[in-house]
Structures are given as C-alpha cells and as structure tokens.
Amino acid sequence: VRRLGAIVRAVRSSDTVGPRPRVEAPPASAVFDQVDEVDRLLEENGFDQRLRTDRSAAYLKWRYGRAPLLDYRAVITTSTSGLDGIAVFRVRPRSGLWEATVAELLFPSGDINRGRRLLNEVIRSVDVDVITARFPAGSTAARALRRSGFVPAPRGVTLVVNPLGTLDIDPELPASWALNLGDLEVF
C-alpha cells in the first residue's frame, strides 16, 4: 500500500479512478529488444522443479513485449558483469485505485538484495496507490518481497487442475506449483 488515504476513499466512494499515474520505466519490449543477456540471467535465476511456465528470452519478449495494449514496463539492474536483474510490471486501474502489478522478478538465485533493488526501482518508477506481486513460496523473490515491506494478501490463489497424464509431481498439491503474477494474469 502506497497511499492509504486513496484506499479509504476508494472503499467509501464509487468514483472512477483518476488520471493515469506517472510511469518512468521503458516499455518491456524495448528492454527485451536491447538485452542479450536474458538467457544467462534466467539460468542464474535457479528455478526449482515445481510446476511453472518455462521461461526463455524469446518467451519473455513474446509475453511482455508483444502485448502493447497491456503496456508492460521493465526496470533493470546491472553490475560490472552486465545485466543482473529485470522486473516486469504494468500499471492498471483496479477498484477505483491505480495498481502496479509486478509480473516477473528475475535475478540470480539467492541474491535477496538484488531482488530488493529491483522492487525499489519499480516503486520509484511509478506513482500508484498499490503495488502487488506474487512469487513462489520459499523463492528468493518471495523473500525479497517480505524484506521490502510487502505483506501477504488475506486470500491466496485458487487453482483448479485436471491432470491428463502421470506426472512426477502431484499437481493437486499447492506446494507443487511455482507461479508468479505473470503466470496467473488473465488478459
């Protein structure tokens, strides 16, 4: 929550959301067009063996760069070794508020400070009422969220599964999934 007063006003009023807020981050398409190191960063991200969307530079470019009506934005962090973090987000009106949703947070596994830097870059780049994110339980990204002051929502995500074959992991168990908002977002 960035503006508690805006949330109180939204709950008490049926007014529509105000003008689009400031967003100072390049379109995700521009970031993925310019960054050659995305696949290396994905390898360093250390995805576990839970069920998730298979990510590659080509997939990310398609998912976030080729959806112009959704206006995904991205911030990056770099070090002497090059690209070391990308956060992808979008700004949208929701329930009388302006919300930024962080869809992807990619950085080397275990580097919580890098995750926090990326989240701080998102926070600095938007002037919204609320910022939301969801990352797999136990992941470095989830720990970076908690250390950055994000609080869990009172309700979680409900998934419905219909296994069409045998898997090494039970898809009916919530702990079998490693999903973030980019995986769950319906547009």
# chains A, B, ... in the order shown; residues from 1 in each chain; ligands from 1
>>> select_by_dssp(residues="region 14-187 of chain A", states="alpha helix (DSSP H)", output="PDB file with N, CA and C atoms, in the first residue's frame")
ATOM      1  N   ALA A  28       8.506  -2.843 -21.796  1.00  0.00           N
ATOM      2  CA  ALA A  28       9.216  -4.128 -21.701  1.00  0.00           C
ATOM      3  C   ALA A  28       9.765  -4.546 -23.051  1.00  0.00           C
ATOM      4  N   SER A  29       9.044  -4.234 -24.130  1.00  0.00           N
ATOM      5  CA  SER A  29       9.525  -4.607 -25.466  1.00  0.00           C
ATOM      6  C   SER A  29      10.890  -3.998 -25.743  1.00  0.00           C
ATOM      7  N   ALA A  30      11.111  -2.750 -25.350  1.00  0.00           N
ATOM      8  CA  ALA A  30      12.398  -2.094 -25.576  1.00  0.00           C
ATOM      9  C   ALA A  30      13.497  -2.760 -24.762  1.00  0.00           C
ATOM     10  N   VAL A  31      13.167  -3.151 -23.529  1.00  0.00           N
ATOM     11  CA  VAL A  31      14.165  -3.802 -22.675  1.00  0.00           C
ATOM     12  C   VAL A  31      14.544  -5.161 -23.248  1.00  0.00           C
ATOM     13  N   PHE A  32      13.561  -5.962 -23.644  1.00  0.00           N
ATOM     14  CA  PHE A  32      13.873  -7.288 -24.170  1.00  0.00           C
ATOM     15  C   PHE A  32      14.494  -7.216 -25.559  1.00  0.00           C
ATOM     16  N   ASP A  33      14.257  -6.144 -26.305  1.00  0.00           N
ATOM     17  CA  ASP A  33      14.914  -5.971 -27.602  1.00  0.00           C
ATOM     18  C   ASP A  33      16.396  -5.638 -27.443  1.00  0.00           C
ATOM     19  N   GLN A  34      16.745  -4.951 -26.363  1.00  0.00           N
ATOM     20  CA  GLN A  34      18.116  -4.484 -26.174  1.00  0.00           C
ATOM     21  C   GLN A  34      18.978  -5.418 -25.338  1.00  0.00           C
ATOM     22  N   VAL A  38      19.578 -12.071 -21.331  1.00  0.00           N
ATOM     23  CA  VAL A  38      18.403 -12.563 -20.619  1.00  0.00           C
ATOM     24  C   VAL A  38      18.494 -14.060 -20.358  1.00  0.00           C
ATOM     25  N   ASP A  39      18.906 -14.853 -21.349  1.00  0.00           N
ATOM     26  CA  ASP A  39      19.002 -16.306 -21.138  1.00  0.00           C
ATOM     27  C   ASP A  39      19.998 -16.641 -20.028  1.00  0.00           C
ATOM     28  N   ARG A  40      21.131 -15.923 -19.981  1.00  0.00           N
ATOM     29  CA  ARG A  40      22.099 -16.142 -18.891  1.00  0.00           C
ATOM     30  C   ARG A  40      21.464 -15.820 -17.548  1.00  0.00           C
ATOM     31  N   LEU A  41      20.731 -14.731 -17.489  1.00  0.00           N
ATOM     32  CA  LEU A  41      20.063 -14.344 -16.246  1.00  0.00           C
ATOM     33  C   LEU A  41      19.037 -15.395 -15.835  1.00  0.00           C
ATOM     34  N   LEU A  42      18.307 -15.938 -16.783  1.00  0.00           N
ATOM     35  CA  LEU A  42      17.338 -16.992 -16.477  1.00  0.00           C
ATOM     36  C   LEU A  42      18.026 -18.233 -15.909  1.00  0.00           C
ATOM     37  N   GLU A  43      19.186 -18.595 -16.441  1.00  0.00           N
ATOM     38  CA  GLU A  43      19.929 -19.735 -15.907  1.00  0.00           C
ATOM     39  C   GLU A  43      20.363 -19.477 -14.467  1.00  0.00           C
ATOM     40  N   GLU A  44      20.763 -18.250 -14.173  1.00  0.00           N
ATOM     41  CA  GLU A  44      21.206 -17.894 -12.823  1.00  0.00           C
ATOM     42  C   GLU A  44      20.041 -17.731 -11.861  1.00  0.00           C
ATOM     43  N   ALA A  57      14.319 -16.132 -23.148  1.00  0.00           N
ATOM     44  CA  ALA A  57      14.301 -14.752 -23.626  1.00  0.00           C
ATOM     45  C   ALA A  57      13.212 -14.569 -24.683  1.00  0.00           C
ATOM     46  N   ALA A  58      13.066 -15.557 -25.565  1.00  0.00           N
ATOM     47  CA  ALA A  58      12.039 -15.468 -26.614  1.00  0.00           C
ATOM     48  C   ALA A  58      10.634 -15.445 -26.003  1.00  0.00           C
ATOM     49  N   TYR A  59      10.410 -16.277 -25.001  1.00  0.00           N
ATOM     50  CA  TYR A  59       9.091 -16.297 -24.347  1.00  0.00           C
ATOM     51  C   TYR A  59       8.811 -14.950 -23.678  1.00  0.00           C
ATOM     52  N   LEU A  60       9.772 -14.421 -22.926  1.00  0.00           N
ATOM     53  CA  LEU A  60       9.569 -13.154 -22.224  1.00  0.00           C
ATOM     54  C   LEU A  60       9.312 -12.014 -23.204  1.00  0.00           C
ATOM     55  N   ILE A 112      19.023 -11.811  -2.425  1.00  0.00           N
ATOM     56  CA  ILE A 112      17.846 -11.073  -1.949  1.00  0.00           C
ATOM     57  C   ILE A 112      18.025  -9.568  -2.116  1.00  0.00           C
ATOM     58  N   ASN A 113      19.230  -9.074  -1.899  1.00  0.00           N
ATOM     59  CA  ASN A 113      19.460  -7.634  -2.051  1.00  0.00           C
ATOM     60  C   ASN A 113      19.213  -7.170  -3.482  1.00  0.00           C
ATOM     61  N   ARG A 114      19.562  -8.001  -4.456  1.00  0.00           N
ATOM     62  CA  ARG A 114      19.299  -7.645  -5.859  1.00  0.00           C
ATOM     63  C   ARG A 114      17.787  -7.594  -6.087  1.00  0.00           C
ATOM     64  N   GLY A 115      17.055  -8.551  -5.544  1.00  0.00           N
ATOM     65  CA  GLY A 115      15.600  -8.537  -5.658  1.00  0.00           C
ATOM     66  C   GLY A 115      15.007  -7.287  -5.031  1.00  0.00           C
ATOM     67  N   ARG A 116      15.521  -6.907  -3.880  1.00  0.00           N
ATOM     68  CA  ARG A 116      15.036  -5.692  -3.221  1.00  0.00           C
ATOM     69  C   ARG A 116      15.347  -4.453  -4.056  1.00  0.00           C
ATOM     70  N   ARG A 117      16.539  -4.420  -4.679  1.00  0.00           N
ATOM     71  CA  ARG A 117      16.890  -3.287  -5.541  1.00  0.00           C
ATOM     72  C   ARG A 117      15.911  -3.166  -6.703  1.00  0.00           C
ATOM     73  N   LEU A 118      15.571  -4.305  -7.311  1.00  0.00           N
ATOM     74  CA  LEU A 118      14.615  -4.289  -8.420  1.00  0.00           C
ATOM     75  C   LEU A 118      13.245  -3.795  -7.962  1.00  0.00           C
ATOM     76  N   LEU A 119      12.777  -4.296  -6.829  1.00  0.00           N
ATOM     77  CA  LEU A 119      11.480  -3.851  -6.304  1.00  0.00           C
ATOM     78  C   LEU A 119      11.506  -2.357  -6.004  1.00  0.00           C
ATOM     79  N   ASN A 120      12.603  -1.867  -5.444  1.00  0.00           N
ATOM     80  CA  ASN A 120      12.729  -0.434  -5.171  1.00  0.00           C
ATOM     81  C   ASN A 120      12.723   0.383  -6.465  1.00  0.00           C
ATOM     82  N   GLU A 121      13.313  -0.164  -7.533  1.00  0.00           N
ATOM     83  CA  GLU A 121      13.280   0.514  -8.836  1.00  0.00           C
ATOM     84  C   GLU A 121      11.847   0.604  -9.356  1.00  0.00           C
ATOM     85  N   VAL A 122      11.077  -0.464  -9.188  1.00  0.00           N
ATOM     86  CA  VAL A 122       9.666  -0.421  -9.605  1.00  0.00           C
ATOM     87  C   VAL A 122       8.938   0.637  -8.788  1.00  0.00           C
ATOM     88  N   ILE A 123       9.124   0.618  -7.479  1.00  0.00           N
ATOM     89  CA  ILE A 123       8.451   1.578  -6.593  1.00  0.00           C
ATOM     90  C   ILE A 123       8.794   3.009  -6.992  1.00  0.00           C
ATOM     91  N   ARG A 124      10.074   3.273  -7.280  1.00  0.00           N
ATOM     92  CA  ARG A 124      10.492   4.629  -7.669  1.00  0.00           C
ATOM     93  C   ARG A 124       9.942   5.044  -9.037  1.00  0.00           C
ATOM     94  N   SER A 125       9.682   4.075  -9.893  1.00  0.00           N
ATOM     95  CA  SER A 125       9.307   4.412 -11.268  1.00  0.00           C
ATOM     96  C   SER A 125       7.812   4.646 -11.475  1.00  0.00           C
ATOM     97  N   THR A 140      13.565 -16.941  -3.594  1.00  0.00           N
ATOM     98  CA  THR A 140      14.307 -15.739  -3.229  1.00  0.00           C
ATOM     99  C   THR A 140      13.475 -14.499  -3.531  1.00  0.00           C
ATOM    100  N   ALA A 141      12.705 -14.516  -4.610  1.00  0.00           N
ATOM    101  CA  ALA A 141      11.845 -13.375  -4.947  1.00  0.00           C
ATOM    102  C   ALA A 141      10.800 -13.143  -3.858  1.00  0.00           C
ATOM    103  N   ALA A 142      10.212 -14.218  -3.331  1.00  0.00           N
ATOM    104  CA  ALA A 142       9.227 -14.078  -2.251  1.00  0.00           C
ATOM    105  C   ALA A 142       9.888 -13.506  -0.995  1.00  0.00           C
ATOM    106  N   ARG A 143      11.098 -13.930  -0.700  1.00  0.00           N
ATOM    107  CA  ARG A 143      11.817 -13.385   0.461  1.00  0.00           C
ATOM    108  C   ARG A 143      12.157 -11.911   0.243  1.00  0.00           C
ATOM    109  N   ALA A 144      12.514 -11.539  -0.994  1.00  0.00           N
ATOM    110  CA  ALA A 144      12.795 -10.135  -1.299  1.00  0.00           C
ATOM    111  C   ALA A 144      11.538  -9.284  -1.099  1.00  0.00           C
ATOM    112  N   LEU A 145      10.371  -9.823  -1.468  1.00  0.00           N
ATOM    113  CA  LEU A 145       9.113  -9.105  -1.245  1.00  0.00           C
ATOM    114  C   LEU A 145       8.920  -8.802   0.238  1.00  0.00           C
ATOM    115  N   ARG A 146       9.054  -9.834   1.061  1.00  0.00           N
ATOM    116  CA  ARG A 146       8.841  -9.654   2.511  1.00  0.00           C
ATOM    117  C   ARG A 146       9.824  -8.636   3.075  1.00  0.00           C
ATOM    118  N   ARG A 147      11.082  -8.719   2.666  1.00  0.00           N
ATOM    119  CA  ARG A 147      12.094  -7.791   3.190  1.00  0.00           C
ATOM    120  C   ARG A 147      11.924  -6.376   2.659  1.00  0.00           C
ATOM    121  N   LEU A 181       2.741 -13.671 -10.751  1.00  0.00           N
ATOM    122  CA  LEU A 181       1.605 -12.999 -11.384  1.00  0.00           C
ATOM    123  C   LEU A 181       1.644 -13.084 -12.900  1.00  0.00           C
ATOM    124  N   GLY A 182       2.814 -13.133 -13.490  1.00  0.00           N
ATOM    125  CA  GLY A 182       2.908 -13.277 -14.943  1.00  0.00           C
ATOM    126  C   GLY A 182       2.312 -14.567 -15.438  1.00  0.00           C
ATOM    127  N   ASP A 183       2.379 -15.613 -14.615  1.00  0.00           N
ATOM    128  CA  ASP A 183       1.777 -16.904 -14.973  1.00  0.00           C
ATOM    129  C   ASP A 183       0.262 -16.878 -14.798  1.00  0.00           C
ATOM    130  N   LEU A 184      -0.219 -16.130 -13.843  1.00  0.00           N
ATOM    131  CA  LEU A 184      -1.615 -16.165 -13.448  1.00  0.00           C
ATOM    132  C   LEU A 184      -2.491 -15.102 -14.079  1.00  0.00           C
TER     133      LEU A 184
END
>>> residues_around(residues="Ala25 (chain A)", least_positions_apart="4", cutoff="8 Å", atoms="only C-alpha atoms", output="tab-separated table (two decimals) with all heavy atoms, in the first residue's frame")
chain	number	residue	atom	x	y	z
A	73	ARG	N	5.95	-2.67	-18.57
A	73	ARG	CA	7.17	-1.88	-18.42
A	73	ARG	C	8.21	-2.75	-17.73
A	73	ARG	O	7.88	-3.77	-17.11
A	73	ARG	CB	6.90	-0.63	-17.58
A	73	ARG	CG	5.83	0.30	-18.14
A	73	ARG	CD	6.23	0.79	-19.53
A	73	ARG	NE	5.26	1.71	-20.08
A	73	ARG	CZ	5.47	3.01	-20.20
A	73	ARG	NH1	6.62	3.55	-19.82
A	73	ARG	NH2	4.54	3.77	-20.72
A	74	ALA	N	9.47	-2.33	-17.81
A	74	ALA	CA	10.54	-3.11	-17.18
A	74	ALA	C	11.62	-2.18	-16.65
A	74	ALA	O	11.89	-1.13	-17.23
A	74	ALA	CB	11.15	-4.10	-18.18
A	75	VAL	N	12.18	-2.58	-15.54
A	75	VAL	CA	13.37	-1.92	-15.00
A	75	VAL	C	14.45	-2.98	-14.91
A	75	VAL	O	14.16	-4.17	-14.78
A	75	VAL	CB	13.12	-1.27	-13.62
A	75	VAL	CG1	12.13	-0.12	-13.74
A	75	VAL	CG2	12.62	-2.28	-12.59
A	125	SER	N	9.68	4.07	-9.89
A	125	SER	CA	9.31	4.41	-11.27
A	125	SER	C	7.81	4.65	-11.47
A	125	SER	O	7.42	5.04	-12.57
A	125	SER	CB	9.79	3.32	-12.22
A	125	SER	OG	9.06	2.14	-12.06
>>> select_by_dssp(residues="region 55-175 of chain A", states="strand (DSSP E or B)", output="ChimeraX atom specification")
/A:73-79,82-94,97-106,126,130-133
>>> closest_residue(among="A:Val151, A:Val128, A:Val23, A:Ala67", to="Glu99 (chain A)", atoms="only C-alpha atoms")
A:Val128
>>> residues_around(residues="Leu105 (chain A)", least_positions_apart="6", cutoff="7 Å", atoms="only C-alpha atoms", output="CSV table (one decimal) with C-alpha atoms, in the first residue's frame")
chain,number,residue,atom,x,y,z
A,86,ILE,CA,14.9,-7.5,-14.6
A,87,ALA,CA,11.5,-6.6,-13.1
A,88,VAL,CA,8.5,-6.5,-15.4
A,141,ALA,CA,11.8,-13.4,-4.9
